[in-house]
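**Student:** Quick one: structure below, then a few questions.
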Protein chains: 2
Amino acid sequence: MARSVERVAVIGLGLIGSSIARAVKERLPQVVVTGHDASDAVREIARGLGLCDHLSDDPASAVENADIIILAVPVGGMADAAQAIAPGLAPHAIISDVGSSKAGVAAALAKALPDHIVIPAHPVAGTENSGPAAGFSTLFDGRWCILTPAADAPADAVEAVSSLWEALGAKVDVMDAAHHDMVLAVTSHLPHLIAYTIVGTASELEEVTESEVIKYSAGGFRDFTRIAASDPVMWRDVFLANKDAVLATLQRFNEDLTVLQQAIRRGDADKLEDWFTRTRAIRRSIIAEGQDDPAPDFGRKH
Amino acid sequence: MARSVERVAVIGLGLIGSSIARAVKERLPQVVVTGHDASDAVREIARGLGLCDHLSDDPASAVENADIIILAVPVGGMADAAQAIAPGLAPHAIISDVGSSKAGVAAALAKALPDHIVIPAHPVAGTENSGPAAGFSTLFDGRWCILTPAADAPADAVEAVSSLWEALGAKVDVMDAAHHDMVLAVTSHLPHLIAYTIVGTASELEEVTESEVIKYSAGGFRDFTRIAASDPVMWRDVFLANKDAVLATLQRFNEDLTVLQQAIRRGDADKLEDWFTRTRAIRRSIIAEGQDDPAPDFGRKH
Ligand SMILES: NC(=O)c1ccc[n+]([C@@H]2O[C@H](COP(=O)([O-])OP(=O)(O)OC[C@H]3O[C@@H](n4cnc5c(N)ncnc54)[C@H](OP(=O)(O)O)[C@@H]3O)[C@@H](O)[C@H]2O)c1
Ligand SMILES: NC(=O)c1ccc[n+]([C@@H]2O[C@H](COP(=O)([O-])OP(=O)(O)OC[C@H]3O[C@@H](n4cnc5c(N)ncnc54)[C@H](OP(=O)(O)O)[C@@H]3O)[C@@H](O)[C@H]2O)c1
């Protein structure tokens, strides 16, 4: 039998948490949204924006009577957040989260809440901005949300979390937490690591001034600065939590970079052209699947 | 005395050449635009689009009486293009180009056209698309165009090319060709190399399918696919022409990547957070300087 979801609690009201609150209010107006954030300043802004029906200064009371609780705090804060809500949880409550890495978070939540149903999730959507003002209700439209329930998770609880995400505009996939972490290491964590690296490199060269890097960034560099402007605490936590998968994919990246480096050094024109022709096809597929804007240059204003 | 520019010839009518032709027609309606492209198909499309006042099947006749000729062909084709126009050049003609690397191109043009005035240039603007249909007249608005004249280049010729680019919407800088190549290695060539690499890596992993990479690309990966969809021939030529500067900056990038890799392996949270906080500032400066769209996610449609 399908569970009824009448109250949703959101813990952590930054980019993702506030987007969830907005989307629930807009698309599921019958559902009551309660919320909490550890930061006084964030709660103040959230109140001003009217993000929740009830905003509580205390995590445990924020989750009272909630059917689904979504933890939307940095990955490294999940265990604390889970402990803080434990006293207020209803016995039937489903605890979910939005953390960008899953195996570590799933273990931390299972440990902190041994008597509760935990259905970890990760909406693959976001922007470079953070905080409650950065959220918007359409953030999850057409994006994938990956659930990583344990093998023995109750099917109706998985179904309830899945339906919630679909109601918020997302498409849902279910996979093993370890596989999630490998997939996201490639599609998200490694890209962020590379972007953070190159932006650091560019800003520290002796031969080229920072002002030159900024002026001529439209040559390609500026694309990387968007990702490298993402929240430092959030990303610190992701790399620490998904260390093994990130280092494994980084190893593969390094091998490929060495191959291209050698092709440039040797003047191997064919190798370069072949490689660049191959990579072109992937973008077409991403656009065909509705996962990026088909307009040139992401539709940037020129 | 200022030179008068009444006729501009564009050789190569792809993304950049066709954008120049469009911008001249729109913003300098009194100037006659002549053109040529080596490809029959491109000339056919260019004719259909009405890109030029006169489109010639023959390079030498395309440049007859032109005051400024702009070579907009891949970097590796500049010498051939210069040789092909030589018989048609007026004695006073200024030959310029738009090649993404400059020291090699400047030398090739000076060698091919020893009796002519050569003022190399590079507009730092583009999209991932190529060909005559991809161009648009506002491509250069607010972007920088870098001129790299030889030390003994006539000042009035530099001034004429500079004024032309300003009329097309660009801001103009003048620098040494070798310095240009180092700056652009950082702001454009290395970013492209890294993007080509990571897109290649992601599409060849055994553990993660290509379909997964595409589905979950909104986590960051899709940003890199835009750049890695750029023209393979153009980029092959850029890496071969600017080999030394690209390999030098790549070396620095590799060092920095090793530092971050080690910080992740050791769980050095502070190092990661510090680094990610530093890189955040650069994007703000790029936006403040008008070199990127301030909207979240480049203003992508969600
Ligand atoms: N940004 C993305 O693109 C994206 C995409 C998918 C998933 N995620 C995941 O979503 C989660 C949130 O990210 P976000 O981008 O929304 O971050 P954010 O905008 O920085 O918001 C996180 C909020 O949680 C608060 N917080 C921290 N610890 C807390 C605790 N123990 N209890 C209650 N509130 C707490 C923070 O307050 P303070 O500011 O005082 O610390 C902050 O207001 C992370 O796990 C991240 O991995 C992010
Ligand atoms: N794309 C960018 O973002 C960008 C930015 C700044 C500067 N640039 C530089 O601009 C130049 C052109 O790039 P693009 O993006 O405009 O490339 P594109 O769209 O591929 O156009 C190049 C055109 O030149 C033609 N061509 C090749 N060799 C020729 C020759 N010897 N004589 C006449 N036409 C010839 C090509 O014909 P075929 O198709 O038959 O080869 C093609 O139509 C390159 O030097 C590049 O480095 C590019």
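Residues are named by chain letter and number: chains run A, B, ... in the order of the structure tokens, numbers start at 1 in each chain, and ligands are numbered from 1 in the order shown.
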Extract the full set of helix (DSSP H, G or I) residues from segment 1-227 of chain A according to DSSP on the backbone, and format it as a PyMOL selection string.

**Tutor:** chain A and resi 15-27+40-49+59-62+75-88+103-112+132-134+155-167+177-202+210-215+217-219+221-227

**Student:** At a cut-off of 6 Å and counting only C-alpha atoms and all ligand atoms, what residues surround ligand 2? Please answer as a tab-separated table (two decimals) with all heavy atoms, in the first residue's frame.

**Tutor:**
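What follows is the written file pocket.tsv:
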chain	number	residue	atom	x	y	z
B	11	ILE	N	39.13	35.66	-45.86
B	11	ILE	CA	39.49	34.36	-46.45
B	11	ILE	C	39.23	33.28	-45.41
B	11	ILE	O	39.85	33.27	-44.34
B	11	ILE	CB	40.98	34.34	-46.86
B	11	ILE	CG1	41.30	35.50	-47.80
B	11	ILE	CG2	41.34	32.98	-47.48
B	11	ILE	CD1	40.57	35.46	-49.13
B	12	GLY	N	38.30	32.40	-45.70
B	12	GLY	CA	37.85	31.39	-44.72
B	12	GLY	C	36.57	31.91	-44.10
B	12	GLY	O	36.59	32.89	-43.35
B	13	LEU	N	35.44	31.28	-44.44
B	13	LEU	CA	34.15	31.83	-44.01
B	13	LEU	C	33.45	30.91	-43.02
B	13	LEU	O	32.25	30.64	-43.11
B	13	LEU	CB	33.28	32.12	-45.23
B	13	LEU	CG	33.84	33.26	-46.11
B	13	LEU	CD1	33.16	33.29	-47.47
B	13	LEU	CD2	33.69	34.60	-45.41
B	14	GLY	N	34.21	30.42	-42.04
B	14	GLY	CA	33.64	29.58	-40.98
B	14	GLY	C	33.08	30.45	-39.86
B	14	GLY	O	32.63	31.57	-40.09
B	15	LEU	N	33.10	29.91	-38.66
B	15	LEU	CA	32.55	30.64	-37.50
B	15	LEU	C	33.10	32.07	-37.42
B	15	LEU	O	32.34	33.04	-37.37
B	15	LEU	CB	32.89	29.90	-36.20
B	15	LEU	CG	32.56	30.68	-34.92
B	15	LEU	CD1	31.07	30.81	-34.74
B	15	LEU	CD2	33.18	30.02	-33.69
B	16	ILE	N	34.42	32.20	-37.42
B	16	ILE	CA	35.03	33.50	-37.18
B	16	ILE	C	34.93	34.38	-38.44
B	16	ILE	O	34.50	35.54	-38.37
B	16	ILE	CB	36.50	33.35	-36.74
B	16	ILE	CG1	36.59	32.50	-35.46
B	16	ILE	CG2	37.14	34.72	-36.52
B	16	ILE	CD1	35.96	33.10	-34.22
B	17	GLY	N	35.31	33.82	-39.60
B	17	GLY	CA	35.25	34.61	-40.83
B	17	GLY	C	33.84	35.10	-41.13
B	17	GLY	O	33.64	36.26	-41.49
B	37	ASP	N	36.37	31.06	-49.65
B	37	ASP	CA	36.64	29.91	-48.80
B	37	ASP	C	37.07	28.78	-49.71
B	37	ASP	O	36.57	28.66	-50.84
B	37	ASP	CB	35.38	29.51	-48.01
B	37	ASP	CG	35.70	28.52	-46.89
B	37	ASP	OD1	35.97	27.33	-47.19
B	37	ASP	OD2	35.72	28.94	-45.71
B	38	ALA	N	38.00	27.97	-49.22
B	38	ALA	CA	38.53	26.89	-50.05
B	38	ALA	C	37.46	25.84	-50.35
B	38	ALA	O	37.55	25.11	-51.34
B	38	ALA	CB	39.72	26.24	-49.35
B	39	SER	N	36.46	25.76	-49.51
B	39	SER	CA	35.46	24.71	-49.66
B	39	SER	C	34.29	25.18	-50.54
B	39	SER	O	33.66	26.22	-50.27
B	39	SER	CB	34.97	24.31	-48.27
B	39	SER	OG	33.65	23.84	-48.30
B	42	VAL	N	31.13	25.43	-48.45
B	42	VAL	CA	31.07	26.63	-47.60
B	42	VAL	C	30.73	27.86	-48.44
B	42	VAL	O	29.91	28.70	-48.04
B	42	VAL	CB	32.40	26.83	-46.82
B	42	VAL	CG1	32.43	28.18	-46.14
B	42	VAL	CG2	32.59	25.70	-45.80
B	72	ALA	N	40.99	33.82	-42.01
B	72	ALA	CA	40.24	33.18	-40.92
B	72	ALA	C	40.14	31.68	-41.19
B	72	ALA	O	39.06	31.10	-41.21
B	72	ALA	CB	38.86	33.82	-40.79
B	73	VAL	N	41.31	31.08	-41.42
B	73	VAL	CA	41.40	29.64	-41.67
B	73	VAL	C	42.13	29.01	-40.48
B	73	VAL	O	42.71	29.72	-39.66
B	73	VAL	CB	42.17	29.37	-42.99
B	73	VAL	CG1	41.52	30.14	-44.14
B	73	VAL	CG2	43.64	29.77	-42.88
B	74	PRO	N	42.10	27.69	-40.34
B	74	PRO	CA	42.84	27.07	-39.22
B	74	PRO	C	44.32	27.48	-39.26
B	74	PRO	O	44.87	27.74	-40.34
B	74	PRO	CB	42.65	25.57	-39.48
B	74	PRO	CG	41.35	25.47	-40.22
B	74	PRO	CD	41.33	26.69	-41.10
B	75	VAL	N	44.92	27.51	-38.10
B	75	VAL	CA	46.30	27.98	-37.94
B	75	VAL	C	47.26	27.26	-38.90
B	75	VAL	O	48.15	27.89	-39.50
B	75	VAL	CB	46.71	27.81	-36.46
B	75	VAL	CG1	48.21	27.87	-36.30
B	75	VAL	CG2	46.02	28.88	-35.61
B	77	GLY	N	46.68	26.25	-41.77
B	77	GLY	CA	46.44	26.58	-43.17
B	77	GLY	C	46.80	28.02	-43.54
B	77	GLY	O	46.61	28.45	-44.68
B	80	ASP	N	49.49	28.51	-46.49
B	80	ASP	CA	48.88	28.23	-47.80
B	80	ASP	C	47.94	29.35	-48.22
B	80	ASP	O	47.94	29.78	-49.38
B	80	ASP	CB	48.05	26.94	-47.75
B	80	ASP	CG	48.95	25.70	-47.78
B	80	ASP	OD1	50.17	25.87	-47.96
B	80	ASP	OD2	48.41	24.59	-47.63
B	81	ALA	N	47.12	29.79	-47.28
B	81	ALA	CA	46.15	30.82	-47.62
B	81	ALA	C	46.88	32.10	-48.02
B	81	ALA	O	46.48	32.80	-48.97
B	81	ALA	CB	45.22	31.08	-46.43
B	98	VAL	N	43.19	35.76	-37.75
B	98	VAL	CA	42.48	35.60	-36.48
B	98	VAL	C	42.96	34.35	-35.75
B	98	VAL	O	42.28	33.85	-34.83
B	98	VAL	CB	40.95	35.48	-36.71
B	98	VAL	CG1	40.40	36.77	-37.31
B	98	VAL	CG2	40.63	34.27	-37.61
B	99	GLY	N	44.10	33.83	-36.13
B	99	GLY	CA	44.59	32.57	-35.58
B	99	GLY	C	44.73	32.58	-34.06
B	99	GLY	O	45.15	33.58	-33.47
B	100	SER	N	44.42	31.44	-33.45
B	100	SER	CA	44.42	31.34	-31.98
B	100	SER	C	45.82	31.27	-31.39
B	100	SER	O	45.98	31.38	-30.18
B	100	SER	CB	43.64	30.11	-31.55
B	100	SER	OG	42.34	30.15	-32.08
B	122	HIS	N	44.14	38.27	-32.92
B	122	HIS	CA	43.38	37.14	-32.38
B	122	HIS	C	42.21	37.65	-31.55
B	122	HIS	O	42.41	38.15	-30.45
B	122	HIS	CB	44.29	36.25	-31.52
B	122	HIS	CG	43.54	35.14	-30.83
B	122	HIS	ND1	43.97	34.57	-29.65
B	122	HIS	CD2	42.38	34.49	-31.16
B	122	HIS	CE1	43.11	33.64	-29.28
B	122	HIS	NE2	42.14	33.57	-30.18
B	123	PRO	N	40.99	37.53	-32.08
B	123	PRO	CA	39.82	37.90	-31.28
B	123	PRO	C	39.52	36.77	-30.28
B	123	PRO	O	39.33	35.62	-30.70
B	123	PRO	CB	38.71	38.01	-32.33
B	123	PRO	CG	39.14	37.09	-33.44
B	123	PRO	CD	40.64	37.05	-33.43
B	124	VAL	N	39.54	37.10	-29.00
B	124	VAL	CA	39.31	36.07	-27.97
B	124	VAL	C	37.80	35.92	-27.78
B	124	VAL	O	37.21	36.45	-26.85
B	124	VAL	CB	40.03	36.42	-26.66
B	124	VAL	CG1	39.87	35.27	-25.65
B	124	VAL	CG2	41.50	36.71	-26.91
B	125	ALA	N	37.20	35.22	-28.72
B	125	ALA	CA	35.75	35.05	-28.73
B	125	ALA	C	35.45	33.85	-29.61
B	125	ALA	O	36.18	33.57	-30.56
B	125	ALA	CB	35.07	36.28	-29.32
B	126	GLY	N	34.40	33.15	-29.31
B	126	GLY	CA	34.04	32.01	-30.15
B	126	GLY	C	32.92	31.23	-29.49
B	126	GLY	O	32.45	31.57	-28.40
B	127	THR	N	32.50	30.18	-30.15
B	127	THR	CA	31.58	29.23	-29.55
B	127	THR	C	32.11	27.85	-29.92
B	127	THR	O	33.11	27.74	-30.63
B	127	THR	CB	30.13	29.35	-30.09
B	127	THR	OG1	30.08	28.77	-31.40
B	127	THR	CG2	29.67	30.80	-30.16
B	130	SER	N	31.21	25.43	-35.50
B	130	SER	CA	32.04	25.94	-36.58
B	130	SER	C	31.22	26.02	-37.86
B	130	SER	O	30.07	25.60	-37.89
B	130	SER	CB	33.29	25.08	-36.76
B	130	SER	OG	32.95	23.72	-36.76
B	131	GLY	N	31.81	26.59	-38.89
B	131	GLY	CA	31.13	26.70	-40.18
B	131	GLY	C	30.42	28.04	-40.35
B	131	GLY	O	30.19	28.77	-39.38
B	234	MET	N	40.72	22.66	-36.13
B	234	MET	CA	41.20	23.92	-35.56
B	234	MET	C	42.06	23.64	-34.33
B	234	MET	O	43.15	24.18	-34.19
B	234	MET	CB	40.01	24.81	-35.17
B	234	MET	CG	40.45	26.02	-34.37
B	234	MET	SD	39.09	26.91	-33.57
B	234	MET	CE	40.02	27.66	-32.20

**Student:** So, counting only C-alpha atoms, which residue among B:Leu272, B:Val208, B:Val24, B:Val10 is closest to Phe239 of chain A?

**Tutor:** B:Leu272

**Student:** If you run DSSP on this backbone, which residues of segment 111-221 of chain B come out as strand (DSSP E or B), and could you give them as a list of chain:residue names?

**Tutor:**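 Answer for segment 111-221 of chain B restricted to strand (DSSP E or B) is B:Ile117, B:Val118, B:Ala121, B:His122, B:Pro123, B:Trp144, B:Cys145, B:Ile146, B:Leu147, B:Lys171, B:Val172, B:Asp173, B:Val174.
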
**Student:** Calculated over only C-alpha atoms and all ligand atoms, which of the candidates A:Leu260, A:Ala281, A:Ala46, A:Ala157 has the smallest distance to ligand 1?

**Tutor:**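 Looking only at the distances to ligand 1, the closest residue turns out to be A:Ala46.
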
**Student:** Considering only C-alpha atoms and all ligand atoms, tabulate each residue of chain B that lies at most 12 Å from ligand 1 along with its nearest interatomic pair and the corresponding distance in Å to one decimal; arrange the rows by chain and ascending residue number and present them as a tab-separated table.

**Tutor:**
residue	atom	partner	partner_atom_place_in_ligand_line	distance
B:Tyr216	CA	ligand 1	6 (C)	11.2
B:Ser217	CA	ligand 1	5 (C)	12.0
B:Ala218	CA	ligand 1	3 (O)	9.3
B:Gly219	CA	ligand 1	5 (C)	7.1
B:Gly220	CA	ligand 1	3 (O)	8.6
B:Pro296	CA	ligand 1	3 (O)	11.2
B:Asp297	CA	ligand 1	3 (O)	10.3

**Student:** Could you name the residues that touch Asp256 of chain A at 12 Å or less, counting only C-alpha atoms, but leaving out those on the same chain fewer than 2 positions away, as a list of chain:residue names?

**Tutor:**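 Within the cut-off, the hits are A:Thr249, A:Leu250, A:Gln251, A:Arg252, A:Phe253, A:Asn254, A:Thr258, A:Val259, A:Leu260, A:Gln261, A:Gln262, A:Ala263, A:Leu272, A:Trp275, B:Leu193, B:Ile194, B:Ala195, B:Tyr196, B:Thr197, B:Ile198, B:Val199, B:Gly200, B:Thr201, B:Ala202, B:Ser203, B:Glu204, B:Leu205.
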
**Student:** Just want the 10 Å neighbourhood of His179 of chain A, counted on only C-alpha atoms, with same-chain residues fewer than 6 positions away dropped. Output as a list in words.

**Tutor:** Lys102, Ala103, Thr148, Ala185 and Ala245 of chain A; Glu207 and Val208 of chain B

**Student:** Take the residues just selected and output them with N, CA and C atoms as a CSV table (one decimal), in the first residue's frame.

**Tutor:**
chain,number,residue,atom,x,y,z
A,102,LYS,N,27.4,8.9,-1.6
A,102,LYS,CA,26.4,8.1,-1.0
A,102,LYS,C,26.8,7.0,-0.1
A,103,ALA,N,27.9,6.3,-0.4
A,103,ALA,CA,28.2,5.1,0.5
A,103,ALA,C,28.5,5.6,1.9
A,148,THR,N,19.7,5.4,-3.4
A,148,THR,CA,20.6,4.3,-3.1
A,148,THR,C,20.2,3.5,-1.9
A,185,ALA,N,31.8,10.2,-9.4
A,185,ALA,CA,33.2,10.6,-9.4
A,185,ALA,C,33.6,11.1,-10.8
A,245,ALA,N,36.9,6.6,-5.0
A,245,ALA,CA,36.4,6.7,-6.4
A,245,ALA,C,37.1,7.9,-7.1
B,207,GLU,N,33.9,0.9,-15.7
B,207,GLU,CA,33.0,0.8,-14.6
B,207,GLU,C,31.7,1.6,-14.8
B,208,VAL,N,31.8,2.6,-15.7
B,208,VAL,CA,30.7,3.5,-15.8
B,208,VAL,C,30.3,3.5,-17.3

**Student:** I'd like the contact shell of Glu159 of chain B - 9 Å cut-off, only C-alpha atoms, skipping same-chain residues fewer than 5 positions apart - returned as a PyMOL selection string.

**Tutor:** chain B and resi 2-3+154+164
